[in-house]
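K.L.:
Please see the structure below; I have some questions.
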Amino acid sequence: MTATTDAAVLERVTKRYDSLTAVGHLSLRIRQGALFGLLGPNGAGKTTTLRMLMRILIPDEGSIQVLGEPLSEQAQDRIGYLPEERGLYPRMQVRKLLVFLGALKGLPESEANRRARDWLERLQLADWSEKKVIDLSKGMQQKVQFIAAVIHRPPLLILDEPFTGLDPINAVVLKDIMLELREQGSTIILSTHRMEQVEMMCDSICLINQGQNILHGELQAIKKAYGKNTVRIECSGDGDFLKQMPGLIQSVNHFGAVVEAKLRPGADPQEILKAAVDRGVRIMRFELMEPPLNDIFIERVSDAHA
Amino acid sequence: MRKLWLIVKREYVTRVRTKGFVIATVGVPVFSIGLFAFAIFMATRETDHTLKLVILDSSGGLGARVTQGLNYKLANGQPEFSVVKIVEQPGSDERAREELRSEVSNGQLDGYLLIPGEVAKGGPAEFHTKNPGDFGVNEHIGRAVSDAVIAQRLHDRGLQIENVSEVVQGVELKLVKVTKQGEAEEKGQTFLVALVLAFILYTTLVMYGVSTMRSVLEEKTTRIVEVLLSTAKPFHLMAGKIVGVAAVGLTQYLIWTLTAALLATYGAAMASAFRPGASFPRFHIPASLLAYFVVFFLCGYFLYASLFAAIGASSSNEQDAQQLQWPVMLPIICSMVMFNLVLRDPNSTASVALSLVPFFAPILMTLRLSAQTPPSWQIGLSIALTAVTTVGVVYFSARIYRVGVLMYGKRPSVVELVRWLRYS
C-alpha cells in the first residue's frame with residue numbers, strides 16, 4: 001500500500017511533558033475510508049495523539065502524514081475535529097457560531113451559512129438556530145459541536161467521545177450520519193470508551209496504553225485471532241453451574257440476564273450445554289462466539305500492566 | 001491571514017454588540033460630564049436671597065468700612081449682603097455671640113462676622129454661618145475684610161485711600177512656553193495635555209489588557225480554544241484577540257473624541273452667542289507629539305496586552321488570573337506614581353533613565369514629550385528599546401499562550417512557565 005491510500009500515517013511519534021512520556025514511538029496507519037476506533041484506558045495518550053493529528057500539539061519526535069501530505073495549515077482545513085471536552089462560545093448565536101467556525105475552515109461565509117441551516121434542519125435544531133448556545137441543552141450543544149466538525153465536509157473526521165451526553169435517539173441519528181459520511185468516502189477516527197459501539201461500527205482499531213500501541217489491525221482479524229472461545233448463555237437461574245466446571249471454564253462474566261464464559265483452550269462447548277441440561281437449567285439462548293472487544297481490551301491492558 | 005481577519009472580526013463584532021459596550025461608551029462620558037457639571041454648579045451657585053449679617057466689631061471702626069465693601073449685587077439686582085447692625089465693642093463678647101448664634105440657627109440671621117481687635121496686626125477674622133461651603137460668599141466677605149484692614153493700615157501710615165481694591169490689585173503672571181516651533185501662552189495646557197495623554201494610556205493598558213486576559217481565559221475555560229486551535233495557529237488566535245479588543249477600544253475612543261469635538265464646537269458657539277468675545281483656552285497639541293503618542297500607545301498596548309493574554313492562557317480560573325496579573329499591573333501603576341516626578345523635571349537623570357525603560361517608556365516618555373521635547377537620541381532610543389522589547393515579549397507570550405491554553409489544573413509556577421517556553 002502506498003501512502004496515498006492511507007488517511008493518516010504516524011511514524012514513531014513521541015510527545016513528552018518533562019519527565020512524562022504521553023506518547024512514545026507510536027506508529028499507526030489509518031486506511032482511507034476506514035471507520036477507525038482508537039481505544040485505550042484513561043490517560044493512555046489518546047487525546048494527545050488526536051491533538052497531534054490535529055496539529056494542536058507538535059510531536060517532539062517522529063512524523064505525521066495526513067491525507068497523503070505532511071501536516072500543515074492547509075491539511076488542517078481538511079480535517080474535522082470534535083474534541084472530548086466540548087467547546088463553543090456560550091453567548092454566540094448558534095448559526096453565527098457555525099458560520100464562523102465553517103469560515104475558519106475555509107468555507108465562504110454564504111456557503112457556511114447555507115450548510116449551517118441545512119445541518120440544523122437535519123438535526124432538528126432549526127428552531128434554535130438564532131438562540132444563544134448557552135440556552136441549549138447539553139445534548140443540543142453536542143449536536144452543534146458535531147455540525148462544527150463536519151460543516152466543511154472533511155475527508156478526515158476525528159471524533160473524541162462523540163456520543164457523550166446524547167440520548168439513544170440522538171445517538172442513533174449521529175451514528176447514521178457517521179456511517180453515511182463513510183459511505184461518501186470520509187475516513188473517521190473514533191475515540192471512545194464504549195466498546196459495544198466500536199464493536200458495531202468500526203472496521204479497524206488501535207489499542208494504546210501508556211502511549212504505546214499494544215494492538216492494531218482490522219477488528220475482524222483481531223477477533224478471529226482469539227477464536228470462538230466464549231459462550232454467551234441466557235438461562236433460568238443465575239448460571240451458578242458454570243462455576244462447577246473449572247476444567248472447562250477459565251472465567252465467568254455476569255451481566256444479570258446474560259452470562260458470558262470464557263473457555264479454556266481445547267474445551268468443548270457441547271459439554272457445558274450438556275452439564276446445563278443435566279442440572280435442569282432451562283436454556284433460552286446458547287451462543288458460541290468470538291470474545292467481546294471489552295474482554296480483549298481488559299485482557300490486553302492488564303497484560304501490559306503485569 | 002484570512003483566519004486572523006475572521007478572528008479579529010468575530011471578537012470585534014461580538015464585543016461591540018454587547019450591552020456592556022453600549023453602557024460603557026455612553027455611560028462613562030455622560031456620567032463624568034454629569035459629575036463635572038454638578039460639581040461646577042454646586043461650587044458656583046449664587047445665593048438667591050440677600051444674606052442678613054451682623055458684624056461684631058472689636059477693632060474700633062472697621063465695621064463700617066467692611067459694610068461699604070460688601071456692596072455686591074445678586075443676579076436679580078438685589079444686594080447680596082445686608083448688614084443688619086454693627087455691634088461695636090460688645091460689652092460681653094460671650095453673651096453677644098450666644099444671642100447671635102441662636103438667631104443664626106433659627107434663621108433670623110444668615111451669619112455673623114467677628115472682627116477682633118488684633119485684625120490689623122494680622123489676626124484672623126471669623127465668619128460664622130450655617131453654610132460655610134459657599135465659596136462665592138466667603139470670597140466676597142474675605143475681600144471686604146481685607147480691603148478694610150488694608151485701608152485702615154494705610155490710613156494709620158497717613159495715606160487716605162478711597163478705593164483700596166484699585167491700589168492693592170496684583171499683577172497676573174502670564175506663562176509662555178518656549179518650544180522649537182516658537183512660543184505659546186501657557187494656561188495650564190501642558191499639564192492638562194500630559195495628564196490626559198498619560199491617563200488615556202494608563203486606562204487603556206489596564207482596562208483593555210484585563211479585558212484581553214479575561215477573554216483568553218473564557219475561551220480556555222469554555223474549551224472553545226481547542227476547536228479554534230484545530231484550524232488556526234495559536235499565534236493568530238492570540239493576535240486576533242489582542243487586535244480585536246484594541247479595535248473595540250479605538251472605536252470607543254473615536255466615539256468619545258467625536259462627541260467631545262461636537263460638544264466643544266457647539267458649546268463655543270453657544271457661549272459666544274451669549275457672551276460675545278468670551279475667550280477659550282485653545283488646545284494646540286503639536287502633530288509630532290500626537291505621532292509619538294501613537295507609536296508609544298501601540299508599542300505599550302501590544303507589550304502589555306500580550307502579557308495579559310499569556311496570563312489568561314496560563315490560568316485556569318479568574319482567581320489565578322487575578323493573582324498572576326499583579327506583576328504586569330505593577331509597572332503600569334508605577335508609571336503613574338512617577339507622573340509628578342517626571343513632569344516637574346522632565347530632563348533630570350531619573351526622568352531620562354526611567355523613560356528609557358521599556359515597561360515605563362510608553363507613559364513616561366509621553367509625559368516628557370508633552371512637557372518639553374527631549375533630545376532626539378533619547379526619543380529614538382526609547383522607541384527602539386520599547387519596540388524590541390515588545391517584539392520579544394509578544395514572541396514569548398505567544399509561546400506561553402500556546403502551551404497554557406491546553407493546560408488545566410493548578411496555577412503554573414514561574415519555573416513551569418519557563419519550561420513551557422521550551423516545548424516544541
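Quick note on naming: the chains in the C-alpha cells go A, B, ... in the order shown, residues restart at 1 in each chain, and ligands are numbered from 1 in order of appearance.
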I need the residues of segment 3-233 of chain B that end up classed as strand (DSSP E) by DSSP on the backbone, written out as JSON, numbers by chain.

P.N.:
{"B": [51, 52, 53, 54, 55, 56, 57, 81, 82, 83, 84, 85, 86, 87, 88, 111, 112, 113, 114, 115, 126, 127, 128, 129, 175, 176, 177, 178, 179, 182, 183, 184, 185, 186]}

K.L.:
Next, write the just-selected residues to a file, as a CSV table (one decimal), in the first residue's frame, keeping N, CA and C atoms as the atom set.

P.N.:
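What landed in selection.csv:
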chain,number,residue,atom,x,y,z
B,51,LEU,N,-28.2,88.1,52.1
B,51,LEU,CA,-27.8,87.5,53.3
B,51,LEU,C,-27.8,88.5,54.4
B,52,LYS,N,-28.4,88.2,55.5
B,52,LYS,CA,-28.5,89.2,56.6
B,52,LYS,C,-27.4,88.9,57.6
B,53,LEU,N,-26.6,89.9,57.8
B,53,LEU,CA,-25.4,89.7,58.7
B,53,LEU,C,-25.4,90.7,59.8
B,54,VAL,N,-24.7,90.3,60.9
B,54,VAL,CA,-24.4,91.2,62.0
B,54,VAL,C,-22.9,91.2,62.1
B,55,ILE,N,-22.3,92.4,62.3
B,55,ILE,CA,-20.9,92.4,62.5
B,55,ILE,C,-20.6,92.7,63.9
B,56,LEU,N,-19.7,91.9,64.5
B,56,LEU,CA,-19.3,92.2,65.9
B,56,LEU,C,-17.9,92.8,65.8
B,57,ASP,N,-17.8,94.0,66.0
B,57,ASP,CA,-16.5,94.7,65.7
B,57,ASP,C,-15.8,95.1,67.0
B,81,PHE,N,-25.6,91.3,50.3
B,81,PHE,CA,-25.5,91.3,51.7
B,81,PHE,C,-26.3,92.5,52.3
B,82,SER,N,-26.8,92.2,53.4
B,82,SER,CA,-27.4,93.4,54.1
B,82,SER,C,-27.0,93.3,55.6
B,83,VAL,N,-26.2,94.3,56.0
B,83,VAL,CA,-25.7,94.3,57.4
B,83,VAL,C,-26.8,94.8,58.3
B,84,VAL,N,-27.3,93.9,59.1
B,84,VAL,CA,-28.5,94.3,59.9
B,84,VAL,C,-28.0,95.3,61.0
B,85,LYS,N,-26.9,95.0,61.6
B,85,LYS,CA,-26.3,96.0,62.6
B,85,LYS,C,-24.9,95.7,62.8
B,86,ILE,N,-24.2,96.7,63.3
B,86,ILE,CA,-22.8,96.6,63.7
B,86,ILE,C,-22.7,96.8,65.2
B,87,VAL,N,-22.3,95.8,65.9
B,87,VAL,CA,-22.1,95.9,67.3
B,87,VAL,C,-20.7,96.3,67.6
B,88,GLU,N,-20.5,97.5,68.0
B,88,GLU,CA,-19.1,97.9,68.3
B,88,GLU,C,-18.7,97.7,69.7
B,111,GLY,N,-25.7,84.9,59.2
B,111,GLY,CA,-24.4,84.7,59.8
B,111,GLY,C,-23.9,86.0,60.5
B,112,TYR,N,-22.8,85.8,61.2
B,112,TYR,CA,-22.2,87.0,61.8
B,112,TYR,C,-20.7,87.0,61.6
B,113,LEU,N,-20.2,88.2,61.5
B,113,LEU,CA,-18.8,88.4,61.2
B,113,LEU,C,-18.1,88.9,62.5
B,114,LEU,N,-17.0,88.3,62.8
B,114,LEU,CA,-16.3,88.7,64.0
B,114,LEU,C,-15.0,89.4,63.6
B,115,ILE,N,-14.9,90.7,64.0
B,115,ILE,CA,-13.6,91.3,63.7
B,115,ILE,C,-12.9,91.6,65.0
B,126,GLU,N,-13.4,86.2,61.7
B,126,GLU,CA,-14.2,84.9,61.7
B,126,GLU,C,-15.6,85.2,61.1
B,127,PHE,N,-16.0,84.3,60.2
B,127,PHE,CA,-17.4,84.4,59.7
B,127,PHE,C,-18.1,83.2,60.2
B,128,HIS,N,-19.2,83.4,61.0
B,128,HIS,CA,-19.9,82.2,61.5
B,128,HIS,C,-21.2,82.1,60.7
B,129,THR,N,-21.4,80.9,60.1
B,129,THR,CA,-22.6,80.8,59.3
B,129,THR,C,-23.0,79.3,59.3
B,175,LEU,N,2.3,82.8,31.7
B,175,LEU,CA,3.3,81.8,31.4
B,175,LEU,C,3.4,81.6,29.9
B,176,VAL,N,4.6,81.6,29.4
B,176,VAL,CA,4.7,81.4,27.9
B,176,VAL,C,5.7,80.3,27.8
B,177,LYS,N,5.3,79.2,27.1
B,177,LYS,CA,6.1,78.1,26.9
B,177,LYS,C,6.9,78.2,25.6
B,178,VAL,N,8.3,78.1,25.8
B,178,VAL,CA,9.2,78.2,24.6
B,178,VAL,C,9.4,76.8,24.0
B,179,THR,N,9.1,76.6,22.8
B,179,THR,CA,9.4,75.3,22.1
B,179,THR,C,10.2,75.6,20.9
B,182,GLY,N,8.4,77.8,18.5
B,182,GLY,CA,8.1,79.2,18.8
B,182,GLY,C,7.6,79.3,20.3
B,183,GLU,N,6.7,80.2,20.5
B,183,GLU,CA,6.3,80.4,21.9
B,183,GLU,C,4.8,80.3,21.9
B,184,ALA,N,4.2,79.8,23.0
B,184,ALA,CA,2.8,79.8,23.1
B,184,ALA,C,2.4,80.1,24.6
B,185,GLU,N,1.4,80.8,24.7
B,185,GLU,CA,1.0,81.2,26.1
B,185,GLU,C,0.5,79.9,26.8
B,186,GLU,N,0.9,79.8,28.0
B,186,GLU,CA,0.6,78.6,28.8
B,186,GLU,C,-0.5,79.0,29.8

K.L.:
Got a sec to pull out which chain A residues are within 6 Å of chain B, counting only C-alpha atoms, and send them as a ChimeraX atom specification?

P.N.:
/A:54,56,76,87-88,104

K.L.:
Let's have the selection written as a short mmCIF file (atom, residue, chain, number, x, y, z; two decimals), in the first residue's frame, with N, CA and C atoms.

P.N.:
data_model
loop_
_atom_site.label_atom_id
_atom_site.label_comp_id
_atom_site.auth_asym_id
_atom_site.auth_seq_id
_atom_site.Cartn_x
_atom_site.Cartn_y
_atom_site.Cartn_z
N MET A 54 -4.26 16.62 14.83
CA MET A 54 -4.96 17.87 14.52
C MET A 54 -4.00 19.05 14.43
N ILE A 56 -2.66 20.45 16.87
CA ILE A 56 -2.80 21.32 18.03
C ILE A 56 -1.53 21.21 18.87
N GLN A 76 -4.77 20.91 7.76
CA GLN A 76 -5.64 21.09 8.92
C GLN A 76 -7.09 21.40 8.51
N GLY A 87 -16.45 22.55 23.23
CA GLY A 87 -16.11 23.96 23.30
C GLY A 87 -16.88 24.79 22.30
N LEU A 88 -17.75 25.65 22.79
CA LEU A 88 -18.50 26.58 21.93
C LEU A 88 -18.53 27.92 22.67
N LEU A 104 -13.70 29.67 9.23
CA LEU A 104 -12.32 29.42 9.67
C LEU A 104 -11.74 28.20 8.95
#

K.L.:
Could you tell me how far atom CA of Ile30 of chain A sits from atom CA of Ala149 of chain A, in Å to one decimal place?

P.N.:
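Separating atom CA of Ala149 of chain A from atom CA of Ile30 of chain A is a distance of 19.1 Å.
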
K.L.:
Write out as number ranges by chain each polymer residue whose atoms come within 9 Å of segment 125-128 of chain A, counting only C-alpha atoms; drop sequence neighbours fewer than 3 positions from it.

P.N.:
A: 93-95, 117-122, 131-133, 135-136, 140, 143-144

K.L.:
Since we have the selection now, will you write its residues out, keeping N, CA and C atoms, as an mmCIF file, in the first residue's frame?

P.N.:
data_model
loop_
_atom_site.group_PDB
_atom_site.id
_atom_site.type_symbol
_atom_site.label_atom_id
_atom_site.label_comp_id
_atom_site.auth_asym_id
_atom_site.auth_seq_id
_atom_site.Cartn_x
_atom_site.Cartn_y
_atom_site.Cartn_z
ATOM 1 N N GLN A 93 -24.826 33.280 18.911
ATOM 2 C CA GLN A 93 -25.960 32.603 18.300
ATOM 3 C C GLN A 93 -25.462 31.359 17.575
ATOM 4 N N VAL A 94 -26.279 30.301 17.672
ATOM 5 C CA VAL A 94 -25.869 29.007 17.146
ATOM 6 C C VAL A 94 -25.434 29.094 15.681
ATOM 7 N N ARG A 95 -26.283 29.701 14.847
ATOM 8 C CA ARG A 95 -25.979 29.723 13.420
ATOM 9 C C ARG A 95 -24.744 30.573 13.146
ATOM 10 N N ARG A 117 -27.564 26.036 8.029
ATOM 11 C CA ARG A 117 -29.028 25.902 8.040
ATOM 12 C C ARG A 117 -29.450 24.468 7.750
ATOM 13 N N ASP A 118 -28.827 23.874 6.716
ATOM 14 C CA ASP A 118 -29.180 22.501 6.349
ATOM 15 C C ASP A 118 -28.951 21.534 7.507
ATOM 16 N N TRP A 119 -27.775 21.665 8.100
ATOM 17 C CA TRP A 119 -27.443 20.747 9.192
ATOM 18 C C TRP A 119 -28.362 20.963 10.390
ATOM 19 N N LEU A 120 -28.637 22.207 10.729
ATOM 20 C CA LEU A 120 -29.502 22.486 11.880
ATOM 21 C C LEU A 120 -30.888 21.908 11.634
ATOM 22 N N GLU A 121 -31.330 22.026 10.380
ATOM 23 C CA GLU A 121 -32.613 21.460 9.988
ATOM 24 C C GLU A 121 -32.588 19.940 10.196
ATOM 25 N N ARG A 122 -31.536 19.341 9.687
ATOM 26 C CA ARG A 122 -31.439 17.886 9.719
ATOM 27 C C ARG A 122 -31.372 17.352 11.151
ATOM 28 N N LYS A 131 -30.891 31.147 18.602
ATOM 29 C CA LYS A 131 -30.719 31.222 20.058
ATOM 30 C C LYS A 131 -29.237 31.213 20.410
ATOM 31 N N LYS A 132 -28.962 31.649 21.636
ATOM 32 C CA LYS A 132 -27.578 31.585 22.091
ATOM 33 C C LYS A 132 -27.242 30.161 22.514
ATOM 34 N N VAL A 133 -25.984 29.802 22.342
ATOM 35 C CA VAL A 133 -25.542 28.450 22.673
ATOM 36 C C VAL A 133 -25.893 28.090 24.118
ATOM 37 N N ASP A 135 -28.348 28.778 25.838
ATOM 38 C CA ASP A 135 -29.747 28.418 26.070
ATOM 39 C C ASP A 135 -30.076 26.988 25.641
ATOM 40 N N LEU A 136 -29.110 26.314 25.017
ATOM 41 C CA LEU A 136 -29.372 24.966 24.524
ATOM 42 C C LEU A 136 -29.068 23.926 25.594
ATOM 43 N N MET A 140 -28.191 19.164 22.820
ATOM 44 C CA MET A 140 -28.276 20.028 21.635
ATOM 45 C C MET A 140 -26.911 20.650 21.343
ATOM 46 N N LYS A 143 -24.823 18.324 19.525
ATOM 47 C CA LYS A 143 -25.131 18.222 18.098
ATOM 48 C C LYS A 143 -24.537 19.408 17.341
ATOM 49 N N VAL A 144 -24.583 20.588 17.967
ATOM 50 C CA VAL A 144 -23.983 21.772 17.340
ATOM 51 C C VAL A 144 -22.481 21.554 17.155
#

K.L.:
Could you tell me how far atom CA of His193 of chain A sits from atom CA of Asp160 of chain A, in Å to one decimal place?

P.N.:
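Calculated distance between atom CA of Asp160 of chain A and atom CA of His193 of chain A is 9.8 Å.
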
K.L.:
Could you jot down the atom CA of Met365 of chain B to atom CA of Met329 of chain B separation for me, Å, one decimal place?

P.N.:
18.1 Å
